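data-v2.cif, holding mmCIF, C-alpha atoms:
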```
data_structure
loop_
_atom_site.label_atom_id
_atom_site.label_comp_id
_atom_site.auth_asym_id
_atom_site.auth_seq_id
_atom_site.Cartn_x
_atom_site.Cartn_y
_atom_site.Cartn_z
CA MET J 299 73.90 -8.27 46.74
CA LYS J 300 74.08 -6.42 43.44
CA LYS J 301 72.01 -7.80 40.59
CA GLY J 302 73.99 -8.58 37.48
CA LYS J 303 72.95 -9.41 33.97
CA THR J 304 73.45 -12.85 32.48
CA VAL J 305 72.86 -13.64 28.82
CA ILE J 306 71.91 -17.15 27.73
CA THR J 307 71.94 -17.84 24.00
CA VAL J 308 70.05 -20.74 22.46
CA SER J 309 70.91 -21.44 18.84
CA GLY J 310 70.43 -24.29 16.43
CA GLU J 311 68.85 -25.45 13.23
CA ALA J 312 65.23 -24.81 12.30
CA MET J 313 62.73 -27.11 14.03
CA SER J 314 65.36 -28.35 16.51
CA GLY J 315 63.39 -27.45 19.67
CA LYS J 316 64.98 -24.09 20.47
CA SER J 317 61.69 -22.45 21.46
CA HIS J 318 60.74 -25.33 23.72
CA LEU J 319 64.15 -25.18 25.40
CA ILE J 320 63.80 -21.42 25.88
CA PHE J 321 60.33 -21.94 27.37
CA LEU J 322 61.65 -24.56 29.80
CA LEU J 323 64.65 -22.44 30.85
CA LYS J 324 62.48 -19.35 31.25
CA LYS J 325 59.91 -21.12 33.46
CA CYS J 326 62.60 -22.77 35.59
CA LEU J 327 64.44 -19.50 36.15
CA GLN J 328 61.24 -17.57 36.92
CA GLU J 329 60.15 -20.21 39.44
CA ASN J 330 63.48 -19.72 41.19
CA GLY J 331 63.13 -15.94 41.52
CA PHE J 332 64.95 -14.70 38.44
CA ASP J 333 63.66 -11.76 36.42
CA VAL J 334 63.68 -13.12 32.86
CA LYS J 335 63.39 -11.10 29.68
CA HIS J 336 63.70 -12.83 26.37
CA GLU J 337 64.21 -11.53 22.85
CA VAL J 338 61.44 -13.06 20.77
CA SER J 339 62.31 -14.45 17.34
CA LEU J 340 60.42 -13.51 14.20
CA ASP J 341 58.29 -16.64 14.69
CA TYR J 342 56.28 -14.85 17.40
CA GLN J 343 54.55 -11.45 17.54
CA ASP J 344 55.74 -10.68 21.07
CA GLU J 345 56.57 -12.37 24.36
CA ASP J 346 52.87 -12.91 25.19
CA ASP J 347 52.36 -14.68 21.84
CA PHE J 348 55.42 -16.86 22.57
CA GLU J 349 54.06 -17.78 26.02
CA ARG J 350 50.61 -18.57 24.65
CA GLN J 351 51.90 -20.80 21.85
CA MET J 352 54.41 -22.58 24.08
CA ASP J 353 51.83 -23.19 26.82
CA GLN J 354 49.59 -24.82 24.22
CA SER J 355 52.24 -27.00 22.60
CA PHE J 356 54.77 -27.80 25.33
CA TYR J 357 53.17 -30.94 26.77
CA ASN J 358 52.35 -32.24 23.29
CA TYR J 359 56.02 -31.76 22.38
CA LEU J 360 57.04 -33.86 25.37
CA GLY J 361 54.55 -36.55 24.33
CA LEU J 362 52.64 -36.29 27.60
CA MET J 363 49.27 -35.60 25.98
CA ASN J 364 47.41 -37.20 23.09
#
```
What does the file become when written as structure tokens?
Amino acid sequence: MKKGKTVITVSGEAMSGKSHLIFLLKKCLQENGFDVKHEVSLDYQDEDDFERQMDQSFYNYLGLMN
């Protein structure tokens, strides 16, 4: 089967949870075998910086950790 390209756009107001949603979508897609590339916003230096910051804050965002 030929691989195609799908574009998912997440937009919204500042501090509305866009980065956390992107992180969740990215992890879910990767765990299901998708090759995911994401255009990092100006809030992050690069994709590694995004991953690092999201890994550190994601569970706090969900209220699962103190």
> Taking into account all atoms listed in the file, which residue in the set J:Leu340, J:Met352, J:Ile320, J:Val334 is nearest to J:Val308?
Replying inline: J:Ile320
>> Between atom CA of J:Asp346 and atom CA of J:Gln328, what is the distance in Å, rounded to a tenth?
In response: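 These two atoms are separated by 15.1 Å.
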> Of the residues J:Glu337, J:Asp353, J:Glu329, J:Glu345, which is the one nearest to J:Val305, using only C-alpha atoms?
Replying inline: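 Selected residue with least distance to J:Val305: J:Glu337.
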> Between atom CA of J:Lys325 and atom CA of J:Arg350, what is the distance, to one decimal in Å?
Replying inline: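 These two atoms are separated by 13.1 Å.
Residues within 12 Å of J:Leu323, counting all atoms listed in the file and excluding same-chain residues fewer than 6 positions away, are Ile306, Thr307, Val308, Lys316, Ser317, Glu329, Asn330, Phe332, Val334, Lys335 and His336 of chain J.
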> What is the distance between atom CA of J:Ser355 and atom CA of J:Asp333, in Å to one decimal?
Replying inline: 23.5 Å
Can you give me N, CA and C atoms for stretch 320-340 of chain J, written as an mmCIF file, in the frame of the given file?
```cif
data_model
loop_
_atom_site.group_PDB
_atom_site.id
_atom_site.type_symbol
_atom_site.label_atom_id
_atom_site.label_comp_id
_atom_site.auth_asym_id
_atom_site.auth_seq_id
_atom_site.Cartn_x
_atom_site.Cartn_y
_atom_site.Cartn_z
ATOM 1 N N ILE J 320 63.901 -22.764 25.312
ATOM 2 C CA ILE J 320 63.800 -21.420 25.880
ATOM 3 C C ILE J 320 62.646 -21.352 26.875
ATOM 4 N N PHE J 321 61.505 -21.924 26.506
ATOM 5 C CA PHE J 321 60.330 -21.940 27.370
ATOM 6 C C PHE J 321 60.651 -22.636 28.689
ATOM 7 N N LEU J 322 61.299 -23.792 28.605
ATOM 8 C CA LEU J 322 61.650 -24.560 29.800
ATOM 9 C C LEU J 322 62.630 -23.796 30.688
ATOM 10 N N LEU J 323 63.672 -23.235 30.091
ATOM 11 C CA LEU J 323 64.650 -22.440 30.850
ATOM 12 C C LEU J 323 63.989 -21.239 31.511
ATOM 13 N N LYS J 324 63.147 -20.551 30.748
ATOM 14 C CA LYS J 324 62.480 -19.350 31.250
ATOM 15 C C LYS J 324 61.612 -19.681 32.457
ATOM 16 N N LYS J 325 60.797 -20.729 32.358
ATOM 17 C CA LYS J 325 59.910 -21.120 33.460
ATOM 18 C C LYS J 325 60.723 -21.541 34.687
ATOM 19 N N CYS J 326 61.762 -22.310 34.487
ATOM 20 C CA CYS J 326 62.600 -22.770 35.590
ATOM 21 C C CYS J 326 63.253 -21.583 36.307
ATOM 22 N N LEU J 327 63.801 -20.670 35.551
ATOM 23 C CA LEU J 327 64.440 -19.500 36.150
ATOM 24 C C LEU J 327 63.438 -18.617 36.877
ATOM 25 N N GLN J 328 62.269 -18.385 36.285
ATOM 26 C CA GLN J 328 61.240 -17.570 36.920
ATOM 27 C C GLN J 328 60.777 -18.205 38.229
ATOM 28 N N GLU J 329 60.590 -19.516 38.237
ATOM 29 C CA GLU J 329 60.150 -20.210 39.440
ATOM 30 C C GLU J 329 61.174 -20.144 40.566
ATOM 31 N N ASN J 330 62.417 -19.842 40.199
ATOM 32 C CA ASN J 330 63.480 -19.720 41.190
ATOM 33 C C ASN J 330 63.871 -18.270 41.469
ATOM 34 N N GLY J 331 62.964 -17.340 41.141
ATOM 35 C CA GLY J 331 63.130 -15.940 41.520
ATOM 36 C C GLY J 331 63.899 -15.050 40.578
ATOM 37 N N PHE J 332 64.222 -15.531 39.400
ATOM 38 C CA PHE J 332 64.950 -14.700 38.440
ATOM 39 C C PHE J 332 63.987 -13.852 37.624
ATOM 40 N N ASP J 333 64.403 -12.638 37.321
ATOM 41 C CA ASP J 333 63.660 -11.760 36.420
ATOM 42 C C ASP J 333 64.152 -12.085 35.009
ATOM 43 N N VAL J 334 63.274 -12.634 34.178
ATOM 44 C CA VAL J 334 63.680 -13.120 32.860
ATOM 45 C C VAL J 334 63.033 -12.282 31.763
ATOM 46 N N LYS J 335 63.865 -11.779 30.880
ATOM 47 C CA LYS J 335 63.390 -11.100 29.680
ATOM 48 C C LYS J 335 63.987 -11.858 28.507
ATOM 49 N N HIS J 336 63.194 -12.019 27.492
ATOM 50 C CA HIS J 336 63.700 -12.830 26.370
ATOM 51 C C HIS J 336 63.384 -12.124 25.054
ATOM 52 N N GLU J 337 64.358 -12.141 24.167
ATOM 53 C CA GLU J 337 64.210 -11.530 22.850
ATOM 54 C C GLU J 337 63.497 -12.526 21.944
ATOM 55 N N VAL J 338 62.300 -12.167 21.547
ATOM 56 C CA VAL J 338 61.440 -13.060 20.770
ATOM 57 C C VAL J 338 61.903 -13.100 19.316
ATOM 58 N N SER J 339 61.933 -14.298 18.746
ATOM 59 C CA SER J 339 62.310 -14.450 17.340
ATOM 60 C C SER J 339 61.171 -13.982 16.442
ATOM 61 N N LEU J 340 61.422 -13.947 15.166
ATOM 62 C CA LEU J 340 60.420 -13.510 14.200
ATOM 63 C C LEU J 340 59.242 -14.474 14.098
#
```
